[in-house]
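As stored in entry.txt (compact mmCIF, C-alpha atoms and all ligand atoms):
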```
# COMPACT_ATOMS: atom_id res chain seq x y z
CA ALA A 860 38.13 -34.95 165.37
CA GLU A 861 41.24 -34.43 167.46
CA LEU A 862 43.14 -31.25 166.64
CA LEU A 863 45.76 -31.09 169.37
CA LYS A 864 47.22 -33.98 171.29
CA ILE A 865 49.86 -33.45 173.95
CA LYS A 866 51.37 -36.73 175.07
CA ASP A 867 53.54 -37.16 178.19
CA LEU A 868 55.11 -33.77 177.59
CA SER A 869 57.95 -32.60 179.81
CA VAL A 870 59.43 -29.15 179.28
CA SER A 871 62.54 -27.48 180.71
CA VAL A 872 63.50 -23.83 180.78
CA GLU A 873 67.18 -23.02 181.29
CA GLU A 874 67.89 -26.61 182.37
CA LYS A 875 65.12 -26.45 184.97
CA GLY A 876 62.29 -28.96 184.64
CA ILE A 877 58.96 -27.14 184.62
CA LEU A 878 56.27 -29.35 183.06
CA LYS A 879 56.16 -33.03 183.90
CA ASN A 880 54.42 -35.62 181.71
CA VAL A 881 51.54 -33.42 180.68
CA ASN A 882 48.66 -34.94 178.70
CA LEU A 883 45.98 -32.84 177.06
CA SER A 884 43.80 -33.22 173.97
CA ILE A 885 41.60 -30.70 172.22
CA ASN A 886 39.06 -31.56 169.54
CA LYS A 887 38.21 -29.27 166.64
CA GLY A 888 35.93 -26.45 167.72
CA GLU A 889 36.35 -27.05 171.45
CA THR A 890 37.14 -24.44 174.07
CA HIS A 891 39.41 -25.51 176.92
CA VAL A 892 40.48 -23.52 179.96
CA LEU A 893 43.85 -23.94 181.65
CA MET A 894 44.05 -22.76 185.24
CA GLY A 895 46.71 -22.90 187.91
CA PRO A 896 48.56 -20.79 190.46
CA ASN A 897 51.33 -18.39 189.44
CA GLY A 898 54.45 -20.21 188.34
CA ALA A 899 52.58 -23.48 187.72
CA GLY A 900 53.79 -23.69 184.12
CA LYS A 901 50.82 -22.37 182.14
CA SER A 902 52.79 -19.94 179.98
CA THR A 903 55.48 -22.60 179.62
CA LEU A 904 52.90 -24.89 178.03
CA GLY A 905 51.78 -22.12 175.66
CA ASN A 906 55.36 -21.41 174.64
CA ALA A 907 56.16 -25.09 174.16
CA LEU A 908 53.07 -25.51 171.96
CA MET A 909 54.14 -22.52 169.85
CA GLY A 910 57.70 -23.82 169.56
CA ASN A 911 59.56 -21.08 171.43
CA PRO A 912 63.19 -22.34 171.29
CA ARG A 913 63.90 -21.27 174.88
CA TYR A 914 61.60 -24.04 176.07
CA SER A 915 63.12 -27.45 175.51
CA ILE A 916 61.05 -30.55 175.29
CA THR A 917 62.70 -33.31 177.28
CA ASN A 918 59.98 -35.94 176.91
CA GLY A 919 56.80 -36.66 175.01
CA GLN A 920 55.19 -35.37 171.84
CA ILE A 921 52.87 -32.75 170.42
CA PHE A 922 50.53 -33.71 167.58
CA PHE A 923 48.56 -31.18 165.54
CA ASP A 924 46.01 -32.45 163.06
CA GLY A 925 47.56 -35.89 163.40
CA GLU A 926 51.09 -34.74 162.60
CA ASP A 927 54.03 -34.75 165.00
CA ILE A 928 55.11 -31.12 165.44
CA THR A 929 57.15 -31.63 168.61
CA HIS A 930 60.33 -30.23 167.10
CA GLU A 931 58.92 -27.97 164.42
CA ALA A 932 59.93 -24.27 164.21
CA VAL A 933 57.64 -21.43 165.27
CA ASP A 934 56.94 -20.15 161.74
CA LYS A 935 55.88 -23.59 160.51
CA ARG A 936 53.46 -23.94 163.41
CA ALA A 937 52.06 -20.49 162.71
CA LYS A 938 51.51 -21.56 159.11
CA ARG A 939 49.64 -24.63 160.30
CA GLY A 940 47.34 -22.30 162.18
CA ILE A 941 48.60 -22.26 165.75
CA PHE A 942 48.35 -18.87 167.41
CA LEU A 943 49.67 -17.70 170.77
CA SER A 944 48.61 -14.43 172.27
CA PHE A 945 51.18 -13.22 174.72
CA GLN A 946 50.76 -12.35 178.36
CA SER A 947 52.92 -9.26 177.66
CA PRO A 948 52.75 -8.34 173.95
CA LEU A 949 55.96 -6.93 172.46
CA GLU A 950 56.28 -3.34 171.33
CA VAL A 951 57.65 -3.07 167.78
CA PRO A 952 58.63 0.44 166.68
CA GLY A 953 58.64 0.98 162.90
CA VAL A 954 56.01 -1.67 162.11
CA SER A 955 52.39 -0.60 162.08
CA LEU A 956 49.72 -2.85 163.54
CA GLY A 957 48.01 -3.04 160.14
CA ASN A 958 51.17 -3.98 158.22
CA PHE A 959 52.10 -6.49 160.87
CA ILE A 960 48.77 -8.26 160.59
CA ARG A 961 48.79 -8.15 156.79
CA SER A 962 52.22 -9.74 156.50
CA ALA A 963 51.32 -12.33 159.15
CA MET A 964 48.25 -13.19 157.06
CA GLU A 965 50.33 -13.43 153.89
CA GLN A 966 52.70 -15.82 155.61
CA ARG A 967 49.89 -17.85 157.12
CA PHE A 968 47.87 -18.19 153.91
CA GLY A 969 50.85 -18.24 151.53
CA GLN A 970 49.53 -15.59 149.18
CA ARG A 971 49.40 -11.83 148.75
CA ILE A 972 46.39 -10.03 150.11
CA ARG A 973 45.16 -6.98 148.22
CA LEU A 974 45.22 -3.83 150.31
CA TRP A 975 41.59 -3.07 149.54
CA ASP A 976 40.40 -6.49 150.70
CA PHE A 977 42.63 -6.33 153.74
CA ARG A 978 41.35 -2.93 154.83
CA LYS A 979 37.74 -4.01 154.45
CA GLU A 980 38.21 -7.08 156.60
CA LEU A 981 40.34 -5.21 159.12
CA LYS A 982 37.66 -2.59 159.62
CA LYS A 983 35.02 -5.24 160.15
CA SER A 984 37.09 -6.86 162.89
CA MET A 985 38.03 -3.52 164.45
CA ASP A 986 34.34 -2.67 164.65
CA ILE A 987 33.68 -5.84 166.65
CA LEU A 988 36.40 -4.79 169.08
CA GLY A 989 35.37 -1.15 169.18
CA MET A 990 38.82 -0.09 167.97
CA ASP A 991 39.42 3.21 166.27
CA TYR A 992 40.73 2.63 162.70
CA SER A 993 43.70 4.91 163.43
CA TYR A 994 45.22 2.13 165.54
CA ALA A 995 46.05 0.22 162.37
CA GLU A 996 48.50 2.98 161.40
CA ARG A 997 50.23 3.10 164.77
CA ASP A 998 53.44 1.28 165.59
CA LEU A 999 52.68 -2.19 166.93
CA ASN A 1000 51.85 -1.89 170.63
CA VAL A 1001 54.02 1.22 171.07
CA GLY A 1002 52.30 3.43 173.59
CA PHE A 1003 49.26 1.15 173.62
CA SER A 1004 47.55 0.79 176.99
CA GLY A 1005 47.26 -2.70 178.48
CA GLY A 1006 43.70 -2.96 177.18
CA GLU A 1007 44.66 -1.76 173.70
CA LYS A 1008 47.46 -4.32 173.50
CA LYS A 1009 45.03 -7.11 174.37
CA LYS A 1010 42.53 -5.86 171.81
CA ALA A 1011 45.33 -5.80 169.21
CA GLU A 1012 45.99 -9.48 170.03
CA ILE A 1013 42.32 -10.38 169.56
CA LEU A 1014 42.31 -8.41 166.31
CA GLN A 1015 45.13 -10.67 165.09
CA LEU A 1016 43.08 -13.68 166.19
CA LEU A 1017 40.08 -12.55 164.12
CA MET A 1018 42.20 -11.77 161.07
CA LEU A 1019 44.49 -14.82 161.11
CA LYS A 1020 41.68 -17.29 161.86
CA PRO A 1021 43.98 -19.89 163.43
CA GLY A 1022 42.81 -23.46 163.89
CA LEU A 1023 44.09 -23.35 167.46
CA ALA A 1024 44.34 -20.18 169.51
CA ILE A 1025 46.17 -20.17 172.82
CA LEU A 1026 45.25 -17.08 174.80
CA ASP A 1027 47.63 -16.46 177.68
CA GLU A 1028 45.95 -14.26 180.28
CA THR A 1029 44.46 -12.06 177.60
CA ASP A 1030 42.13 -10.71 180.27
CA SER A 1031 44.66 -9.81 182.94
CA GLY A 1032 44.83 -6.14 183.83
CA LEU A 1033 41.70 -5.23 181.88
CA ASP A 1034 38.79 -3.24 183.21
CA VAL A 1035 35.26 -4.66 183.05
CA ASP A 1036 34.41 -3.01 179.72
CA ALA A 1037 37.62 -4.15 178.05
CA VAL A 1038 37.07 -7.72 179.29
CA ARG A 1039 33.60 -7.66 177.76
CA THR A 1040 34.95 -6.41 174.42
CA VAL A 1041 37.77 -8.96 174.35
CA SER A 1042 35.24 -11.64 175.28
CA GLU A 1043 33.01 -10.52 172.36
CA GLY A 1044 35.98 -10.91 170.02
CA ILE A 1045 36.71 -14.40 171.31
CA LYS A 1046 33.02 -15.27 170.96
CA GLU A 1047 33.12 -14.13 167.35
CA TYR A 1048 36.12 -16.41 166.74
CA GLN A 1049 34.37 -19.28 168.52
CA LYS A 1050 31.18 -18.80 166.56
CA ASN A 1051 32.30 -18.09 163.02
CA MET A 1052 35.70 -19.64 162.65
CA GLU A 1053 35.18 -23.07 164.17
CA GLY A 1054 38.59 -22.80 165.75
CA SER A 1055 39.73 -24.43 168.96
CA LEU A 1056 40.71 -22.42 172.01
CA LEU A 1057 43.03 -22.95 174.94
CA ILE A 1058 42.35 -20.09 177.32
CA ILE A 1059 44.85 -19.56 180.11
CA THR A 1060 43.24 -17.46 182.79
CA HIS A 1061 42.91 -16.75 186.48
CA SER A 1062 39.60 -14.98 186.27
CA THR A 1063 36.21 -16.23 185.24
CA ARG A 1064 34.93 -12.92 183.96
CA ILE A 1065 36.20 -13.54 180.46
CA LEU A 1066 34.51 -16.96 180.40
CA GLU A 1067 31.06 -15.75 181.42
CA SER A 1068 29.72 -15.46 177.89
CA LEU A 1069 31.79 -18.30 176.41
CA THR A 1070 31.01 -22.00 176.28
CA VAL A 1071 33.70 -24.03 178.01
CA ASP A 1072 34.05 -27.71 177.08
CA LYS A 1073 36.83 -28.66 179.44
CA THR A 1074 38.92 -27.25 182.26
CA HIS A 1075 42.46 -28.36 183.14
CA VAL A 1076 44.29 -27.56 186.35
CA VAL A 1077 48.08 -27.47 186.40
CA ILE A 1078 49.97 -27.21 189.68
CA ASN A 1079 53.75 -27.38 189.97
CA GLY A 1080 54.05 -28.49 186.37
CA VAL A 1081 51.71 -31.44 186.80
CA MET A 1082 48.13 -31.82 185.53
CA LYS A 1083 46.19 -32.23 188.74
CA ALA A 1084 42.59 -32.20 187.60
CA GLU A 1085 40.34 -32.15 184.57
CA GLY A 1086 36.67 -31.36 184.43
CA ASP A 1087 33.92 -29.58 182.56
CA GLY A 1088 33.15 -25.86 182.64
CA SER A 1089 31.84 -26.04 186.20
CA LEU A 1090 35.35 -26.72 187.51
CA VAL A 1091 36.07 -23.05 186.80
CA ASP A 1092 33.39 -22.02 189.31
CA LYS A 1093 34.61 -24.53 191.85
CA ILE A 1094 38.14 -23.12 191.67
CA ASN A 1095 36.79 -19.62 191.84
CA ASN A 1096 34.99 -20.47 195.08
CA GLU A 1097 37.54 -22.73 196.73
CA GLY A 1098 40.87 -21.71 195.21
CA PHE A 1099 43.58 -24.21 194.32
CA GLU A 1100 43.99 -25.48 197.87
CA SER A 1101 41.84 -28.59 197.48
CA PHE A 1102 44.15 -29.70 194.66
CA LEU A 1103 47.29 -28.94 196.64
CA GLU A 1104 46.17 -31.14 199.52
CA LYS A 1105 46.24 -34.16 197.25
CA GLU A 1106 50.02 -33.88 196.83
P1 LIG A 1201 52.59 -19.52 184.89
O1 LIG A 1201 52.35 -19.01 183.51
O2 LIG A 1201 51.73 -20.67 185.25
O3 LIG A 1201 52.49 -18.43 185.91
P2 LIG A 1201 55.26 -19.98 183.89
O4 LIG A 1201 55.09 -21.04 182.87
O5 LIG A 1201 55.43 -18.60 183.42
O6 LIG A 1201 54.07 -20.09 184.96
O7 LIG A 1201 56.52 -20.34 184.79
C1 LIG A 1201 56.74 -21.62 185.35
C2 LIG A 1201 58.13 -21.67 185.95
O8 LIG A 1201 59.09 -21.59 184.91
C3 LIG A 1201 58.43 -20.53 186.89
O9 LIG A 1201 59.19 -21.03 187.95
C4 LIG A 1201 59.24 -19.58 186.04
O10 LIG A 1201 60.14 -18.84 186.83
C5 LIG A 1201 59.96 -20.51 185.10
N1 LIG A 1201 60.18 -19.87 183.80
C6 LIG A 1201 59.26 -19.67 182.84
N2 LIG A 1201 59.78 -19.07 181.76
C7 LIG A 1201 61.07 -18.88 182.04
C8 LIG A 1201 62.18 -18.29 181.34
N3 LIG A 1201 62.04 -17.80 180.09
N4 LIG A 1201 63.39 -18.27 181.95
C9 LIG A 1201 63.53 -18.78 183.19
N5 LIG A 1201 62.55 -19.35 183.91
C10 LIG A 1201 61.34 -19.39 183.36
MG MG A 1202 51.21 -16.25 185.71
MG MG A 1203 51.89 -17.19 182.76
```
I need this file expressed as structure tokens, please.
Amino acid sequence: AELLKIKDLSVSVEEKGILKNVNLSINKGETHVLMGPNGAGKSTLGNALMGNPRYSITNGQIFFDGEDITHEAVDKRAKRGIFLSFQSPLEVPGVSLGNFIRSAMEQRFGQRIRLWDFRKELKKSMDILGMDYSYAERDLNVGFSGGEKKKAEILQLLMLKPGLAILDETDSGLDVDAVRTVSEGIKEYQKNMEGSLLIITHSTRILESLTVDKTHVVINGVMKAEGDGSLVDKINNEGFESFLEKE
């Protein structure tokens, strides 16, 4: 069944047209990869899907689970189960990672979660990511290393169990071990939560242990190519040049 359908979507940022007539569909449980050079519009697509008000939709529609969410607010989309992990996660002094996740879960599921149950589940997920439990008490992302911030994002993914997770360069700036751990977390989400993934990435390291159903290539705000998982390898070997030549 189709979970996400993006139809002829055009997006502007500060009056500047970035994405042009983008089409993309993701079925339930599928993992898609979005690749493209810097400035192509990958993060713009993630932000538009999440409903970031700075990104205005000038054409087309976004459907989630058959419903038109094109103009819906961020919090409503989060409640529906759309999750965006940021390329540069925000630091939030005064809010602990644990409390942040718990209140996000309460909003998402519309009910209170007992502290005991929360802690138990949090520990289970932190174990998968090899995170020390003390991180839950620390202010959200404050003083976290790049790798710790990315792990905190994947921890949210495992706890919130979104139907659709958009991961924006979750692997950038990570060392080999951290990439493997983050990849384990994503695999856990893929395996046990039957969620769909849109992974925005430049590297293929994070994809090595994941099954990829489809790859999309965006260049200059336009979808230039679509293929299966092997397209990732092709781009890795040949770069984006072969797609540029077609312009
Ligand atoms: P990518 O993620 O593929 O590297 P982005 O979506 O971040 O590309 O950016 C695409 C284009 O949109 C770039 O030219 C960038 O400068 C512009 N852009 C993105 N976000 C903003 C913003 N918040 N304000 C101004 N320009 C932006
Ligand atoms: Mg980029
Ligand atoms: Mg980006």
### Message
At a cut-off of 10 Å and counting all atoms listed in the file, what residues surround ligand MG 1203 (chain A)? Please answer as a count of residues only.
### Response
21
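Comparing A:Gln966, A:Gln1049, A:Leu988, A:Val870 by their smallest distance to Thr1070 in chain A, the closest is A:Gln1049 (using only C-alpha atoms).
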Axis-aligned box over every listed atom of range 1093-1102 of chain A, padded by 6 Å per side: centre and edges in Å to one decimal, as lines of an AutoDock Vina configuration file?
```
center_x = 39.4
center_y = -24.7
center_z = 194.8
size_x = 21.5
size_y = 22.1
size_z = 18.2
```
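Closest approach to Leu1056 in chain A from the set A:Ile916, A:Leu981, A:Leu893, A:Ala860 is made by A:Leu893, with distances taken over all atoms listed in the file.
Across A:Asp1072, A:Glu1067, A:Asp976, A:Asp1030, the tightest approach to ligand MG 1202 (chain A) is made by A:Asp1030 when counting all atoms listed in the file.
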Within 9 Å of range 873-876 of chain A, counting all atoms listed in the file, which residues qualify if same-chain residues fewer than 6 places away don't, as an mmCIF file with C-alpha atoms, in the coordinates of the input?
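Full text of selection24.cif as output:
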```
data_model
loop_
_atom_site.group_PDB
_atom_site.id
_atom_site.type_symbol
_atom_site.label_atom_id
_atom_site.label_comp_id
_atom_site.auth_asym_id
_atom_site.auth_seq_id
_atom_site.Cartn_x
_atom_site.Cartn_y
_atom_site.Cartn_z
ATOM 1 C CA ARG A 913 63.900 -21.270 174.880
ATOM 2 C CA TYR A 914 61.600 -24.040 176.070
ATOM 3 C CA SER A 915 63.120 -27.450 175.510
ATOM 4 C CA THR A 917 62.700 -33.310 177.280
ATOM 5 C CA GLY A 1080 54.050 -28.490 186.370
#
```
### Message
At a cut-off of 8 Å, using all atoms listed in the file, what residues contact Asn886 in chain A? Leave out same-chain residues fewer than 4 positions from it and give the result as a list in words.
### Response
Ala860, Glu861, Leu862, Leu863 and Ser1055 of chain A
Taking all atoms listed in the file into account, produce a table as a Markdown table in which each residue of range 939-982 of chain A with an atom at most 7 Å from an atom of range 999-1014 of chain A appears once, together with its shortest atom pair and the distance in Å to one decimal, ordered by chain and rising number.
```
| residue | atom | partner | partner_atom | distance |
| --- | --- | --- | --- | --- |
| A:Ser944 | CA | A:Glu1012 | CA | 6.0 |
| A:Pro948 | CA | A:Lys1008 | CA | 6.7 |
| A:Leu949 | CA | A:Asn1000 | CA | 6.8 |
| A:Glu950 | CA | A:Asn1000 | CA | 4.7 |
| A:Val951 | CA | A:Leu999 | CA | 5.1 |
| A:Pro952 | CA | A:Val1001 | CA | 6.4 |
| A:Val954 | CA | A:Leu999 | CA | 5.9 |
| A:Ser955 | CA | A:Leu999 | CA | 5.1 |
| A:Leu956 | CA | A:Leu999 | CA | 4.5 |
```
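Comparing the minimum interatomic distances between ligand LIG 1201 (chain A) and each of A:Ile1078, A:Lys1020, A:Gly953, A:Lys866, counting only C-alpha atoms and all ligand atoms, we find that A:Ile1078 sits nearest.
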### Query
Between A:Asn1079, A:Ile885, A:Lys879, A:Ser1101, which is the closest to ligand LIG 1201 (chain A) once you count all atoms listed in the file?
A:Asn1079
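Of the listed residues A:Glu996, A:Asp867, A:Glu889, A:Glu1100, the one whose atoms come nearest to Asp1087 in chain A is A:Glu889, with distances taken using all atoms listed in the file.
Of note, CA of Phe942 in chain A and CA of Ile1025 in chain A are spaced 6.0 Å apart.
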### Task
State, in Å with one decimal place, the distance from CA of Leu1019 in chain A to CA of Ile928 in chain A.
19.9 Å
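As for CA of Ile1045 in chain A and CA of Val1081 in chain A, they are spaced 27.5 Å apart.
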What residues have an atom no more than 6 Å from (41.6, -26.7, 183.9) in the file's own frame, counting all atoms listed in the file, and can you write them as a PDB file with C-alpha atoms, in the frame of the given file?
```pdb
ATOM      1  CA  VAL A 892      40.480 -23.520 179.960  1.00  0.00           C
ATOM      2  CA  LEU A 893      43.850 -23.940 181.650  1.00  0.00           C
ATOM      3  CA  MET A 894      44.050 -22.760 185.240  1.00  0.00           C
ATOM      4  CA  THR A1074      38.920 -27.250 182.260  1.00  0.00           C
ATOM      5  CA  HIS A1075      42.460 -28.360 183.140  1.00  0.00           C
ATOM      6  CA  VAL A1076      44.290 -27.560 186.350  1.00  0.00           C
ATOM      7  CA  GLU A1085      40.340 -32.150 184.570  1.00  0.00           C
TER       8      GLU A1085
END
```
